[in-house]
file final.cif (mmCIF, C-alpha atoms)
data_upload
loop_
_atom_site.group_PDB
_atom_site.id
_atom_site.type_symbol
_atom_site.label_atom_id
_atom_site.label_comp_id
_atom_site.auth_asym_id
_atom_site.auth_seq_id
_atom_site.Cartn_x
_atom_site.Cartn_y
_atom_site.Cartn_z
ATOM 1 C CA MET A 1 155.565 -13.671 -203.515
ATOM 2 C CA VAL A 2 154.808 -10.252 -204.945
ATOM 3 C CA GLY A 3 154.919 -7.493 -202.373
ATOM 4 C CA LYS A 4 157.043 -4.889 -200.713
ATOM 5 C CA LYS A 5 158.576 -5.415 -197.331
ATOM 6 C CA LYS A 6 158.106 -2.357 -195.206
ATOM 7 C CA LYS A 7 159.506 -1.224 -191.891
ATOM 8 C CA GLY A 8 160.426 -3.647 -189.172
ATOM 9 C CA ARG A 9 162.075 -6.994 -188.904
ATOM 10 C CA ALA A 10 160.726 -10.424 -188.031
ATOM 11 C CA ARG A 11 160.885 -11.446 -184.368
ATOM 12 C CA SER A 12 160.840 -14.989 -183.016
ATOM 13 C CA GLN A 13 159.503 -17.463 -185.542
ATOM 14 C CA GLN A 14 157.664 -19.564 -182.971
ATOM 15 C CA LEU A 15 154.132 -19.670 -184.356
ATOM 16 C CA MET A 16 150.601 -20.037 -183.037
ATOM 17 C CA GLY A 17 149.505 -23.580 -183.819
ATOM 18 C CA GLY A 18 152.283 -24.169 -186.340
ATOM 19 C CA HIS A 19 152.788 -22.729 -189.809
ATOM 20 C CA GLN A 20 149.353 -23.578 -191.225
ATOM 21 C CA LYS A 21 147.366 -22.235 -188.256
ATOM 22 C CA CYS A 22 149.324 -19.130 -187.364
ATOM 23 C CA TRP A 23 147.242 -16.706 -189.436
ATOM 24 C CA LEU A 24 144.815 -14.210 -187.965
ATOM 25 C CA TRP A 25 142.695 -12.405 -190.538
ATOM 26 C CA GLY A 26 139.920 -9.841 -190.858
ATOM 27 C CA ARG A 27 140.100 -6.110 -190.167
ATOM 28 C CA HIS A 28 138.416 -6.166 -186.770
ATOM 29 C CA ALA A 29 140.345 -9.138 -185.383
ATOM 30 C CA VAL A 30 143.740 -7.886 -186.554
ATOM 31 C CA MET A 31 143.233 -4.223 -185.661
ATOM 32 C CA GLU A 32 141.799 -5.028 -182.207
ATOM 33 C CA THR A 33 144.812 -7.238 -181.532
ATOM 34 C CA LEU A 34 147.193 -4.501 -182.644
ATOM 35 C CA ARG A 35 145.395 -1.832 -180.600
ATOM 36 C CA ALA A 36 145.591 -3.931 -177.433
ATOM 37 C CA ARG A 37 149.408 -4.243 -177.791
ATOM 38 C CA HIS A 38 149.307 -7.381 -175.645
ATOM 39 C CA TRP A 39 149.950 -10.062 -178.280
ATOM 40 C CA LEU A 40 151.973 -8.540 -181.094
ATOM 41 C CA PRO A 41 152.113 -10.221 -184.527
ATOM 42 C CA ILE A 42 155.349 -11.254 -186.168
ATOM 43 C CA GLU A 43 154.203 -9.960 -189.558
ATOM 44 C CA VAL A 44 151.235 -7.986 -190.881
ATOM 45 C CA TYR A 45 150.048 -8.361 -194.498
ATOM 46 C CA TRP A 46 147.858 -5.701 -196.076
ATOM 47 C CA ASP A 47 146.292 -4.970 -199.444
ATOM 48 C CA PRO A 48 146.266 -1.228 -200.277
ATOM 49 C CA ASN A 49 143.516 -1.839 -202.841
ATOM 50 C CA VAL A 50 141.147 -3.082 -200.128
ATOM 51 C CA LEU A 51 141.977 -1.118 -196.970
ATOM 52 C CA THR A 52 140.639 2.406 -196.597
ATOM 53 C CA LYS A 53 143.121 5.268 -196.239
ATOM 54 C CA GLU A 54 141.906 5.794 -192.673
ATOM 55 C CA MET A 55 142.619 2.182 -191.742
ATOM 56 C CA GLU A 56 146.005 2.271 -193.462
ATOM 57 C CA SER A 57 146.853 5.375 -191.464
ATOM 58 C CA GLU A 58 145.892 3.763 -188.156
ATOM 59 C CA LEU A 59 147.689 0.542 -189.088
ATOM 60 C CA PHE A 60 151.001 2.261 -189.778
ATOM 61 C CA SER A 61 150.633 4.496 -186.760
ATOM 62 C CA ILE A 62 150.439 1.382 -184.560
ATOM 63 C CA LEU A 63 153.265 -0.413 -186.395
ATOM 64 C CA ARG A 64 155.600 2.568 -186.118
ATOM 65 C CA GLY A 65 158.288 1.870 -183.546
ATOM 66 C CA THR A 66 157.582 -1.879 -183.324
ATOM 67 C CA THR A 67 159.557 -4.820 -184.710
ATOM 68 C CA ILE A 68 156.518 -6.095 -186.647
ATOM 69 C CA LEU A 69 157.303 -6.751 -190.308
ATOM 70 C CA SER A 70 154.812 -5.112 -192.691
ATOM 71 C CA VAL A 71 154.234 -6.758 -196.080
ATOM 72 C CA GLU A 72 152.161 -5.336 -198.942
ATOM 73 C CA ALA A 73 150.323 -8.193 -200.664
ATOM 74 C CA THR A 74 147.471 -8.881 -203.058
ATOM 75 C CA SER A 75 144.161 -10.340 -201.916
ATOM 76 C CA GLU A 76 144.859 -13.569 -203.782
ATOM 77 C CA GLU A 77 148.208 -13.981 -202.081
ATOM 78 C CA MET A 78 146.601 -13.429 -198.707
ATOM 79 C CA LYS A 79 143.865 -15.929 -199.484
ATOM 80 C CA ARG A 80 146.490 -18.509 -200.385
ATOM 81 C CA PHE A 81 148.348 -17.989 -197.105
ATOM 82 C CA CYS A 82 145.452 -17.873 -194.632
ATOM 83 C CA GLY A 83 143.131 -20.191 -196.572
ATOM 84 C CA SER A 84 140.195 -17.789 -196.442
ATOM 85 C CA GLY A 85 138.716 -15.270 -198.833
ATOM 86 C CA ASP A 86 137.178 -13.136 -196.078
ATOM 87 C CA HIS A 87 140.472 -11.612 -194.903
ATOM 88 C CA GLN A 88 139.200 -8.103 -195.811
ATOM 89 C CA GLY A 89 142.643 -7.072 -196.991
ATOM 90 C CA LEU A 90 144.379 -7.560 -193.646
ATOM 91 C CA MET A 91 146.003 -10.530 -191.909
ATOM 92 C CA ALA A 92 148.770 -11.235 -189.422
ATOM 93 C CA LYS A 93 151.227 -14.021 -188.681
ATOM 94 C CA MET A 94 150.935 -14.677 -184.946
ATOM 95 C CA PRO A 95 153.278 -16.123 -182.320
ATOM 96 C CA PRO A 96 151.835 -18.393 -179.592
ATOM 97 C CA PHE A 97 149.384 -16.606 -177.307
ATOM 98 C CA PRO A 98 151.070 -15.207 -174.146
ATOM 99 C CA TYR A 99 149.177 -17.019 -171.396
ATOM 100 C CA LEU A 100 149.853 -15.767 -167.882
ATOM 101 C CA GLN A 101 150.973 -17.755 -164.851
ATOM 102 C CA ILE A 102 148.537 -18.254 -161.980
ATOM 103 C CA ASP A 103 150.993 -16.688 -159.497
ATOM 104 C CA GLN A 104 151.110 -13.504 -161.567
ATOM 105 C CA VAL A 105 147.352 -13.201 -161.633
ATOM 106 C CA LEU A 106 146.566 -14.078 -158.009
ATOM 107 C CA LYS A 107 148.663 -11.139 -156.856
ATOM 108 C CA ARG A 108 146.613 -8.601 -158.790
ATOM 109 C CA LEU A 109 143.071 -9.904 -158.330
ATOM 110 C CA LYS A 110 140.844 -7.386 -156.554
ATOM 111 C CA ALA A 111 138.269 -7.771 -153.807
ATOM 112 C CA ASP A 112 135.445 -7.807 -156.358
ATOM 113 C CA SER A 113 137.204 -9.791 -159.099
ATOM 114 C CA VAL A 114 135.293 -12.366 -161.136
ATOM 115 C CA VAL A 115 137.170 -15.393 -162.449
ATOM 116 C CA LEU A 116 135.951 -17.990 -164.935
ATOM 117 C CA VAL A 117 137.396 -21.488 -164.686
ATOM 118 C CA LEU A 118 136.851 -23.451 -167.908
ATOM 119 C CA CYS A 119 136.818 -27.220 -167.478
ATOM 120 C CA GLY A 120 137.796 -28.273 -170.985
ATOM 121 C CA ILE A 121 135.833 -26.231 -173.542
ATOM 122 C CA GLN A 122 136.749 -28.031 -176.753
ATOM 123 C CA ASP A 123 134.906 -26.058 -179.426
ATOM 124 C CA PRO A 124 136.882 -22.932 -180.411
ATOM 125 C CA TYR A 125 133.700 -21.031 -181.240
ATOM 126 C CA ASN A 126 132.257 -21.800 -177.800
ATOM 127 C CA PHE A 127 135.539 -20.732 -176.248
ATOM 128 C CA GLY A 128 135.543 -17.461 -178.195
ATOM 129 C CA SER A 129 131.901 -16.761 -177.341
ATOM 130 C CA ILE A 130 132.611 -17.317 -173.642
ATOM 131 C CA LEU A 131 135.513 -14.869 -173.795
ATOM 132 C CA ARG A 132 133.335 -12.304 -175.557
ATOM 133 C CA SER A 133 130.630 -12.477 -172.867
ATOM 134 C CA ALA A 134 133.201 -12.536 -170.083
ATOM 135 C CA GLU A 135 134.991 -9.397 -171.253
ATOM 136 C CA MET A 136 131.745 -7.491 -171.813
ATOM 137 C CA LEU A 137 130.308 -8.455 -168.423
ATOM 138 C CA GLY A 138 133.117 -7.673 -166.024
ATOM 139 C CA VAL A 139 135.188 -10.860 -165.790
ATOM 140 C CA SER A 140 138.869 -10.127 -165.241
ATOM 141 C CA THR A 141 140.475 -13.559 -165.526
ATOM 142 C CA VAL A 142 139.828 -16.816 -167.378
ATOM 143 C CA ILE A 143 141.618 -19.979 -166.280
ATOM 144 C CA LEU A 144 141.847 -22.975 -168.590
ATOM 145 C CA PRO A 145 143.561 -26.370 -168.520
ATOM 146 C CA SER A 146 146.647 -26.986 -170.638
ATOM 147 C CA SER A 147 145.131 -30.183 -172.097
ATOM 148 C CA GLY A 148 141.629 -31.107 -173.236
ATOM 149 C CA GLN A 149 140.824 -27.462 -173.935
ATOM 150 C CA ALA A 150 140.658 -25.405 -177.127
ATOM 151 C CA GLN A 151 143.584 -23.008 -177.177
ATOM 152 C CA VAL A 152 143.669 -19.461 -178.501
ATOM 153 C CA SER A 153 143.539 -19.629 -182.292
ATOM 154 C CA SER A 154 142.345 -17.480 -185.153
ATOM 155 C CA HIS A 155 138.842 -18.929 -184.789
ATOM 156 C CA VAL A 156 138.822 -18.109 -181.066
ATOM 157 C CA VAL A 157 140.021 -14.539 -181.641
ATOM 158 C CA ARG A 158 137.437 -13.938 -184.348
ATOM 159 C CA SER A 159 134.509 -15.428 -182.405
ATOM 160 C CA SER A 160 135.546 -13.456 -179.312
ATOM 161 C CA VAL A 161 135.545 -10.265 -181.454
ATOM 162 C CA GLY A 162 138.993 -9.476 -180.079
ATOM 163 C CA ALA A 163 137.998 -9.869 -176.404
ATOM 164 C CA VAL A 164 140.831 -12.368 -175.977
ATOM 165 C CA ASN A 165 143.205 -9.391 -175.933
ATOM 166 C CA TYR A 166 141.619 -7.743 -172.890
ATOM 167 C CA LEU A 167 141.365 -10.635 -170.435
ATOM 168 C CA ASP A 168 143.971 -12.293 -168.253
ATOM 169 C CA LEU A 169 144.133 -15.811 -169.697
ATOM 170 C CA VAL A 170 145.860 -18.334 -167.468
ATOM 171 C CA GLN A 171 146.825 -21.831 -168.585
ATOM 172 C CA VAL A 172 147.335 -24.410 -165.817
ATOM 173 C CA ASP A 173 148.135 -28.112 -165.526
ATOM 174 C CA ASP A 174 145.955 -28.817 -162.476
ATOM 175 C CA LEU A 175 142.508 -27.212 -162.137
ATOM 176 C CA GLU A 176 141.918 -28.789 -158.717
ATOM 177 C CA GLU A 177 145.017 -27.171 -157.296
ATOM 178 C CA VAL A 178 144.047 -23.805 -158.771
ATOM 179 C CA CYS A 179 140.518 -24.044 -157.354
ATOM 180 C CA ARG A 180 141.999 -24.673 -153.919
ATOM 181 C CA LEU A 181 144.267 -21.658 -154.344
ATOM 182 C CA LEU A 182 141.266 -19.527 -155.305
ATOM 183 C CA LYS A 183 139.346 -20.669 -152.223
ATOM 184 C CA GLU A 184 142.358 -19.847 -150.040
ATOM 185 C CA ALA A 185 142.367 -16.384 -151.632
ATOM 186 C CA GLY A 186 138.769 -15.836 -150.529
ATOM 187 C CA PHE A 187 136.914 -16.771 -153.707
ATOM 188 C CA HIS A 188 133.548 -18.496 -153.552
ATOM 189 C CA LEU A 189 133.512 -21.328 -156.083
ATOM 190 C CA CYS A 190 130.288 -21.665 -158.058
ATOM 191 C CA ALA A 191 129.842 -24.511 -160.522
ATOM 192 C CA ALA A 192 127.352 -24.439 -163.364
ATOM 193 C CA SER A 193 125.504 -27.765 -163.273
ATOM 194 C CA GLU A 194 122.150 -28.872 -164.647
ATOM 195 C CA TYR A 195 121.858 -30.996 -161.483
ATOM 196 C CA GLY A 196 122.473 -28.061 -159.122
ATOM 197 C CA HIS A 197 119.940 -27.258 -156.400
ATOM 198 C CA GLU A 198 120.427 -23.490 -156.332
ATOM 199 C CA THR A 199 119.540 -20.868 -158.910
ATOM 200 C CA PRO A 200 122.024 -18.131 -159.800
ATOM 201 C CA ALA A 201 119.642 -15.458 -158.462
ATOM 202 C CA SER A 202 119.443 -17.154 -155.046
ATOM 203 C CA VAL A 203 123.206 -16.948 -154.402
ATOM 204 C CA ASP A 204 125.127 -13.802 -153.484
ATOM 205 C CA LEU A 205 127.355 -13.250 -156.508
ATOM 206 C CA THR A 206 128.607 -9.838 -155.393
ATOM 207 C CA ARG A 207 131.471 -11.446 -153.455
ATOM 208 C CA ARG A 208 134.749 -12.712 -154.880
ATOM 209 C CA ILE A 209 133.451 -15.279 -157.363
ATOM 210 C CA ALA A 210 135.130 -18.036 -159.368
ATOM 211 C CA MET A 211 132.601 -19.579 -161.778
ATOM 212 C CA LEU A 212 133.286 -23.071 -163.114
ATOM 213 C CA ILE A 213 132.005 -23.767 -166.634
ATOM 214 C CA GLY A 214 131.974 -27.434 -167.635
ATOM 215 C CA ASN A 215 132.981 -29.285 -170.758
ATOM 216 C CA GLU A 216 130.316 -29.359 -173.495
ATOM 217 C CA GLY A 217 129.591 -33.063 -172.938
ATOM 218 C CA ALA A 218 130.804 -34.056 -169.489
ATOM 219 C CA GLY A 219 130.136 -30.851 -167.570
ATOM 220 C CA VAL A 220 132.188 -29.918 -164.506
ATOM 221 C CA PRO A 221 134.308 -32.894 -163.311
ATOM 222 C CA SER A 222 133.236 -34.473 -160.007
ATOM 223 C CA PRO A 223 136.430 -33.521 -158.102
ATOM 224 C CA LEU A 224 135.794 -29.860 -158.944
ATOM 225 C CA LEU A 225 132.102 -30.110 -158.088
ATOM 226 C CA SER A 226 133.074 -31.371 -154.647
ATOM 227 C CA LEU A 227 135.163 -28.230 -154.122
ATOM 228 C CA ALA A 228 132.352 -25.879 -155.185
ATOM 229 C CA ASP A 229 130.568 -23.803 -152.549
ATOM 230 C CA HIS A 230 127.483 -23.643 -154.781
ATOM 231 C CA GLN A 231 126.196 -25.747 -157.672
ATOM 232 C CA LEU A 232 124.005 -23.520 -159.816
ATOM 233 C CA ALA A 233 121.291 -24.611 -162.223
ATOM 234 C CA ILE A 234 119.842 -22.058 -164.630
ATOM 235 C CA PRO A 235 116.012 -22.276 -164.512
ATOM 236 C CA GLN A 236 114.535 -23.641 -167.732
ATOM 237 C CA THR A 237 111.019 -24.044 -169.044
ATOM 238 C CA GLY A 238 111.645 -25.623 -172.450
ATOM 239 C CA HIS A 239 111.934 -29.239 -173.539
ATOM 240 C CA VAL A 240 115.676 -29.249 -174.272
ATOM 241 C CA GLY A 241 117.598 -30.717 -171.355
ATOM 242 C CA SER A 242 120.633 -28.459 -171.171
ATOM 243 C CA LEU A 243 122.156 -25.213 -172.398
ATOM 244 C CA ASN A 244 125.144 -24.749 -174.657
ATOM 245 C CA ALA A 245 128.244 -24.056 -172.517
ATOM 246 C CA ALA A 246 128.799 -20.635 -174.069
ATOM 247 C CA VAL A 247 125.157 -19.624 -173.567
ATOM 248 C CA ALA A 248 125.216 -20.799 -169.950
ATOM 249 C CA ALA A 249 128.429 -18.866 -169.319
ATOM 250 C CA GLY A 250 126.877 -15.709 -170.785
ATOM 251 C CA ILE A 251 123.779 -16.022 -168.602
ATOM 252 C CA LEU A 252 125.855 -16.546 -165.456
ATOM 253 C CA CYS A 253 128.172 -13.630 -166.253
ATOM 254 C CA TYR A 254 125.099 -11.452 -166.783
ATOM 255 C CA GLU A 255 123.615 -12.503 -163.444
ATOM 256 C CA ILE A 256 126.865 -11.628 -161.656
ATOM 257 C CA GLN A 257 126.847 -8.210 -163.308
ATOM 258 C CA ARG A 258 123.136 -7.687 -162.587
ATOM 259 C CA GLN A 259 123.543 -8.369 -158.883
ATOM 260 C CA ARG A 260 126.534 -6.074 -158.642
ATOM 261 C CA ASN A 261 124.785 -3.264 -160.489
ATOM 262 C CA GLU A 262 121.773 -3.585 -158.179
ATOM 263 C CA LYS A 263 123.992 -3.531 -155.098
ATOM 264 C CA ALA A 264 125.867 -0.458 -156.367
ATOM 265 C CA ALA A 265 122.574 1.308 -157.126
ATOM 266 C CA SER A 266 121.148 0.549 -153.667
ATOM 267 C CA THR A 267 124.339 1.852 -152.044
ATOM 268 C CA ARG A 268 123.985 5.181 -153.862
ATOM 269 C CA GLU A 269 120.364 5.670 -152.738
#
call {"tool": "encode", "arguments": {"input": "final.cif", "output": "structure tokens"}}
result
Amino acid sequence: MVGKKKKGRARSQQLMGGHQKCWLWGRHAVMETLRARHWLPIEVYWDPNVLTKEMESELFSILRGTTILSVEATSEEMKRFCGSGDHQGLMAKMPPFPYLQIDQVLKRLKADSVVLVLCGIQDPYNFGSILRSAEMLGVSTVILPSSGQAQVSSHVVRSSVGAVNYLDLVQVDDLEEVCRLLKEAGFHLCAASEYGHETPASVDLTRRIAMLIGNEGAGVPSPLLSLADHQLAIPQTGHVGSLNAAVAAGILCYEIQRQRNEKAASTRE
């Protein structure tokens, strides 16, 4: 390909989702990932005819001192690699996402931590939207199963607007075991369920909370529902029977934040 190889050298060639799915593109998604310095690319491709001088300056400031390979490329070359014309002159070749281990995370959870437990969110856009709401509304940790769940991909990063880089994402083999560990650590388990008998506003969500968000079709599995301290149903007045999983997660995260803000305000008075 045409292009100049700049500073740096390629690191491990293990790739996110394999060779065809390893590309992350778009200025916001790539730059937010680079700024976070949590999940470093293997290579960054950039088009000097598209990027502004200010963005070029920030890009090379971040790349300086890293092992990330920088490659100057044309927009057509980048389109051919990532399969999209909306790369905005910037894309990155990504290694697998660095999920954390549950033991690592349990040690650093705080007294007021909020954890989301995803029970098999299969749509990457739903997954990304959930992460976006979670990061904006005070969630510290998101736990997801290793199978039956969308994994971090370019689509997830883009739909999360980069929020994936600022959350502790934990991948586990057994959600039941993890829910038991959370309860032992003092978390109250709340499950979102259209068949729940409590509303989010009626439950004290200012405590240590682990919120279970169900699969788009099947909801929260029965074994996990049986472990929940509360089964919450979001009040509805329309004709549609249920909410999209990402929308429900956003509403519940907002309610947790609302209650905590109110409690903090009342304490200051």
call {"tool": "resolve_selection", "arguments": {"input": "final.cif", "expression": "the PyMOL selection byres ((chain A and resi 90-96) around 7)", "output": "PyMOL selection string"}}
result
chain A and resi 14-16+22-27+30+41-47+87-89+97-98
call {"tool": "closest_atom_pairs", "arguments": {"input": "final.cif", "of": "segment 47-124 of chain A", "to": "segment 172-192 of chain A", "cutoff": "10 Å", "atoms": "only C-alpha atoms", "output": "tab-separated table"}}
result
residue	atom	partner	partner_atom	distance
A:Tyr99	CA	A:Val172	CA	9.4
A:Leu100	CA	A:Val172	CA	9.2
A:Gln101	CA	A:Val172	CA	7.6
A:Ile102	CA	A:Val172	CA	7.4
A:Asp103	CA	A:Leu181	CA	9.8
A:Leu106	CA	A:Ala185	CA	8.0
A:Lys107	CA	A:Ala185	CA	9.7
A:Leu109	CA	A:Ala185	CA	9.3
A:Ala111	CA	A:Gly186	CA	8.7
A:Asp112	CA	A:Phe187	CA	9.5
A:Ser113	CA	A:Phe187	CA	8.8
A:Val114	CA	A:Phe187	CA	8.8
A:Val115	CA	A:Phe187	CA	8.9
A:Leu116	CA	A:Cys190	CA	9.6
A:Val117	CA	A:Leu175	CA	8.1
A:Leu118	CA	A:Leu175	CA	8.9
A:Cys119	CA	A:Leu175	CA	7.8
call {"tool": "write_last_selection", "arguments": {"input": "final.cif", "atoms": "C-alpha atoms", "output": "compact mmCIF listing (two decimals), keeping the file's coordinate frame"}}
result
# COMPACT_ATOMS: atom_id res chain seq x y z
CA TYR A 99 149.18 -17.02 -171.40
CA LEU A 100 149.85 -15.77 -167.88
CA GLN A 101 150.97 -17.76 -164.85
CA ILE A 102 148.54 -18.25 -161.98
CA ASP A 103 150.99 -16.69 -159.50
CA LEU A 106 146.57 -14.08 -158.01
CA LYS A 107 148.66 -11.14 -156.86
CA LEU A 109 143.07 -9.90 -158.33
CA ALA A 111 138.27 -7.77 -153.81
CA ASP A 112 135.44 -7.81 -156.36
CA SER A 113 137.20 -9.79 -159.10
CA VAL A 114 135.29 -12.37 -161.14
CA VAL A 115 137.17 -15.39 -162.45
CA LEU A 116 135.95 -17.99 -164.94
CA VAL A 117 137.40 -21.49 -164.69
CA LEU A 118 136.85 -23.45 -167.91
CA CYS A 119 136.82 -27.22 -167.48
call {"tool": "atom_distance", "arguments": {"input": "final.cif", "atom1": "atom CA of Ala73 of chain A", "atom2": "atom CA of Val161 of chain A"}}
result
24.3 Å
call {"tool": "residues_around", "arguments": {"input": "final.cif", "residues": "Ile130 of chain A", "least_positions_apart": "3", "cutoff": "7 Å", "atoms": "all atoms listed in the file", "output": "NGL selection string"}}
result
:A and (126-127 or 133-134 or 246 or 249-250)
call {"tool": "write_last_selection", "arguments": {"input": "final.cif", "atoms": "C-alpha atoms", "output": "compact mmCIF listing (two decimals), keeping the file's coordinate frame"}}
result
# COMPACT_ATOMS: atom_id res chain seq x y z
CA ASN A 126 132.26 -21.80 -177.80
CA PHE A 127 135.54 -20.73 -176.25
CA SER A 133 130.63 -12.48 -172.87
CA ALA A 134 133.20 -12.54 -170.08
CA ALA A 246 128.80 -20.64 -174.07
CA ALA A 249 128.43 -18.87 -169.32
CA GLY A 250 126.88 -15.71 -170.78
call {"tool": "closest_residue", "arguments": {"input": "final.cif", "among": "A:Ser147, A:Ser242, A:Thr74, A:Thr66", "to": "Pro48 of chain A", "atoms": "all atoms listed in the file"}}
result
A:Thr74
call {"tool": "resolve_selection", "arguments": {"input": "final.cif", "expression": "the PyMOL selection byres ((chain A and resi 36) around 10)", "output": "compact mmCIF listing (two decimals) with C-alpha atoms, keeping the file's coordinate frame"}}
result
# COMPACT_ATOMS: atom_id res chain seq x y z
CA MET A 31 143.23 -4.22 -185.66
CA GLU A 32 141.80 -5.03 -182.21
CA THR A 33 144.81 -7.24 -181.53
CA LEU A 34 147.19 -4.50 -182.64
CA ARG A 35 145.40 -1.83 -180.60
CA ARG A 37 149.41 -4.24 -177.79
CA HIS A 38 149.31 -7.38 -175.64
CA TRP A 39 149.95 -10.06 -178.28
CA LEU A 40 151.97 -8.54 -181.09
CA GLY A 162 138.99 -9.48 -180.08
CA ALA A 163 138.00 -9.87 -176.40
CA VAL A 164 140.83 -12.37 -175.98
CA ASN A 165 143.21 -9.39 -175.93
CA TYR A 166 141.62 -7.74 -172.89
call {"tool": "axis_aligned_box", "arguments": {"input": "final.cif", "around": "segment 22-26 of chain A", "padding_each_side": "4 Å", "output": "JSON"}}
result
{"center_x": 144.6, "center_y": -14.5, "center_z": -189.1, "size_x": 17.4, "size_y": 17.3, "size_z": 11.5}
call {"tool": "atom_distance", "arguments": {"input": "final.cif", "atom1": "atom CA of Asn215 of chain A", "atom2": "atom CA of Val156 of chain A"}}
result
16.3 Å
call {"tool": "closest_residue", "arguments": {"input": "final.cif", "among": "A:His28, A:Lys79, A:Lys53, A:Arg207", "to": "Ser159 of chain A", "atoms": "all atoms listed in the file"}}
result
A:His28
call {"tool": "atom_distance", "arguments": {"input": "final.cif", "atom1": "atom CA of Val170 of chain A", "atom2": "atom CA of Val105 of chain A"}}
result
7.9 Å
call {"tool": "resolve_selection", "arguments": {"input": "final.cif", "expression": "the PyMOL selection byres ((chain A and resi 144) around 6)", "output": "PyMOL selection string"}}
result
chain A and resi 118+143+145+171
call {"tool": "closest_residue", "arguments": {"input": "final.cif", "among": "A:Pro200, A:Gly214, A:Pro223, A:Gly17", "to": "Gln151 of chain A", "atoms": "all atoms listed in the file"}}
result
A:Gly17
call {"tool": "residues_near_point", "arguments": {"input": "final.cif", "point": "(126.5, -12.7, -169.2)", "cutoff": "10 Å", "atoms": "all atoms listed in the file", "output": "number ranges by chain"}}
result
A: 130, 132-139, 246-258
call {"tool": "closest_residue", "arguments": {"input": "final.cif", "among": "A:Glu216, A:Leu131, A:Ala29, A:Lys110", "to": "Gly148 of chain A", "atoms": "all atoms listed in the file"}}
result
A:Glu216
call {"tool": "decode", "arguments": {"input": "final.cif", "residues": "segment 34-38 of chain A", "atoms": "all heavy atoms", "output": "mmCIF file, in the first residue's frame"}}
result
data_model
loop_
_atom_site.group_PDB
_atom_site.id
_atom_site.type_symbol
_atom_site.label_atom_id
_atom_site.label_comp_id
_atom_site.auth_asym_id
_atom_site.auth_seq_id
_atom_site.Cartn_x
_atom_site.Cartn_y
_atom_site.Cartn_z
ATOM 1 N N LEU A 34 -7.429 6.480 22.283
ATOM 2 C CA LEU A 34 -6.030 6.845 22.506
ATOM 3 C C LEU A 34 -5.878 7.683 23.776
ATOM 4 O O LEU A 34 -4.936 7.478 24.558
ATOM 5 C CB LEU A 34 -5.490 7.618 21.302
ATOM 6 C CG LEU A 34 -5.220 6.804 20.036
ATOM 7 C CD1 LEU A 34 -4.979 7.727 18.847
ATOM 8 C CD2 LEU A 34 -4.018 5.880 20.238
ATOM 9 N N ARG A 35 -6.781 8.624 23.991
ATOM 10 C CA ARG A 35 -6.688 9.482 25.180
ATOM 11 C C ARG A 35 -6.801 8.673 26.465
ATOM 12 O O ARG A 35 -6.158 8.981 27.469
ATOM 13 C CB ARG A 35 -7.792 10.549 25.146
ATOM 14 C CG ARG A 35 -7.618 11.615 24.075
ATOM 15 C CD ARG A 35 -8.785 12.583 24.084
ATOM 16 N NE ARG A 35 -8.748 13.496 22.953
ATOM 17 C CZ ARG A 35 -9.748 13.651 22.070
ATOM 18 N NH1 ARG A 35 -10.867 12.939 22.212
ATOM 19 N NH2 ARG A 35 -9.636 14.494 21.085
ATOM 20 N N ALA A 36 -7.655 7.658 26.463
ATOM 21 C CA ALA A 36 -7.878 6.860 27.667
ATOM 22 C C ALA A 36 -6.652 6.042 28.044
ATOM 23 O O ALA A 36 -6.454 5.714 29.220
ATOM 24 C CB ALA A 36 -9.078 5.941 27.464
ATOM 25 N N ARG A 37 -5.836 5.661 27.045
ATOM 26 C CA ARG A 37 -4.601 4.888 27.266
ATOM 27 C C ARG A 37 -4.860 3.580 28.006
ATOM 28 O O ARG A 37 -3.991 3.085 28.740
ATOM 29 C CB ARG A 37 -3.570 5.737 28.025
ATOM 30 C CG ARG A 37 -3.135 6.989 27.276
ATOM 31 C CD ARG A 37 -2.125 7.796 28.059
ATOM 32 N NE ARG A 37 -1.787 9.047 27.378
ATOM 33 C CZ ARG A 37 -0.841 9.187 26.462
ATOM 34 N NH1 ARG A 37 -0.113 8.140 26.105
ATOM 35 N NH2 ARG A 37 -0.600 10.360 25.897
ATOM 36 N N HIS A 38 -6.034 3.023 27.836
ATOM 37 C CA HIS A 38 -6.386 1.760 28.488
ATOM 38 C C HIS A 38 -6.271 0.584 27.517
ATOM 39 O O HIS A 38 -5.878 -0.514 27.908
ATOM 40 C CB HIS A 38 -7.818 1.862 29.031
ATOM 41 C CG HIS A 38 -8.378 0.568 29.538
ATOM 42 N ND1 HIS A 38 -7.826 -0.114 30.602
ATOM 43 C CD2 HIS A 38 -9.437 -0.179 29.123
ATOM 44 C CE1 HIS A 38 -8.520 -1.220 30.827
ATOM 45 N NE2 HIS A 38 -9.489 -1.294 29.937
#
